[in-house]
Amino acid sequence: MSEDLHLREEPVSRTELLSGHFLHVVRDTVRLPSGREATREYVLHPGAVMVIGLLDDGRVILERQYRHPLRSVMVEFPAGKLDAGERSLACAQRELREETGYSATEWAFAGRLAPTIAYSDETIDIWFARGLTPGERRLDEGEFLDVFTATPDEVSGWCRDGRIIDCKTLVGALWLQNVLSGAWSLDWTGNMPPEVAR
């Protein structure tokens, strides 16, 4: 927006720092609003999805997965990154099926979050799923996780007491709480608004 021009940084050049199997790190030189130059190092990311699966009994689907950077098992909503050229909804459907075995008959796009804005361009699309049917998981090679269910109250309590510290799951719990209370509504068409479609 034009009122933000005094805050914007203009890209000048880019240096590739790392192009690994999972991470792509760059250093951008930018021109500051003052006219001086500075560098910004950050991770480029293809984007991801998170799925809040609503079971008929009111429980939600969660996972327990070891996360090496924190050397700890984390409680999370199912999630995964977009494959090249993959649409957000297709990714959500694939990740839910592969990681949990569940497939859904109805989908609703909730919103988008940017979990690490200081050092990555990653965004995560939040999807709700219902009409769930269990099936067989198809985990990636080297992927190990437990799938379990919990009540929304349990999820809320774990957010409060620190058992859940994963950013996307904390945001998902906020969405879940507001959707269930009726404060926020969902459009169960499975369509994303054009302004956030990938």
# chains A, B, ... in the order shown; residues from 1 in each chain; ligands from 1

call {"tool": "residues_around", "arguments": {"residues": "Pro46 of chain A", "least_positions_apart": "2", "cutoff": "7 Å", "atoms": "only C-alpha atoms", "output": "compact mmCIF listing (two decimals) with C-alpha atoms, in the first residue's frame"}}
result
# COMPACT_ATOMS: atom_id res chain seq x y z
CA LEU A 44 12.97 -19.64 0.66
CA ALA A 48 2.81 -25.66 3.21
CA LYS A 81 4.89 -28.77 2.28
CA LEU A 82 3.61 -28.21 -1.23
CA GLU A 122 7.10 -19.68 4.30

call {"tool": "residues_around", "arguments": {"residues": "Glu41 of chain A", "least_positions_apart": "4", "cutoff": "7 Å", "atoms": "only C-alpha atoms", "output": "MDAnalysis selection string"}}
result
chainID A and resid 26:28 119

call {"tool": "select_by_dssp", "arguments": {"residues": "segment 12-125 of chain A", "states": "strand (DSSP E or B)", "output": "PyMOL selection string"}}
result
chain A and resi 12-19+24-31+37-44+48-54+60-67+72-76+79-81+103-113+120+124-125

call {"tool": "atom_distance", "arguments": {"atom1": "atom CA of Gly58 of chain A", "atom2": "atom CA of Gly80 of chain A"}}
result
23.6 Å

call {"tool": "closest_atom_pairs", "arguments": {"of": "segment 26-86 of chain A", "to": "segment 149-162 of chain A", "cutoff": "8 Å", "atoms": "only C-alpha atoms", "output": "Markdown table"}}
result
| residue | atom | partner | partner_atom | distance |
| --- | --- | --- | --- | --- |
| A:Gly58 | CA | A:Thr151 | CA | 6.7 |
| A:Arg59 | CA | A:Thr151 | CA | 4.5 |
| A:Val60 | CA | A:Thr149 | CA | 5.4 |
| A:Ile61 | CA | A:Thr149 | CA | 4.7 |
| A:Leu62 | CA | A:Thr149 | CA | 5.7 |

call {"tool": "closest_residue", "arguments": {"among": "A:Glu3, A:Glu95, A:Glu16, A:Glu10", "to": "Asp83 of chain A", "atoms": "only C-alpha atoms"}}
result
A:Glu95
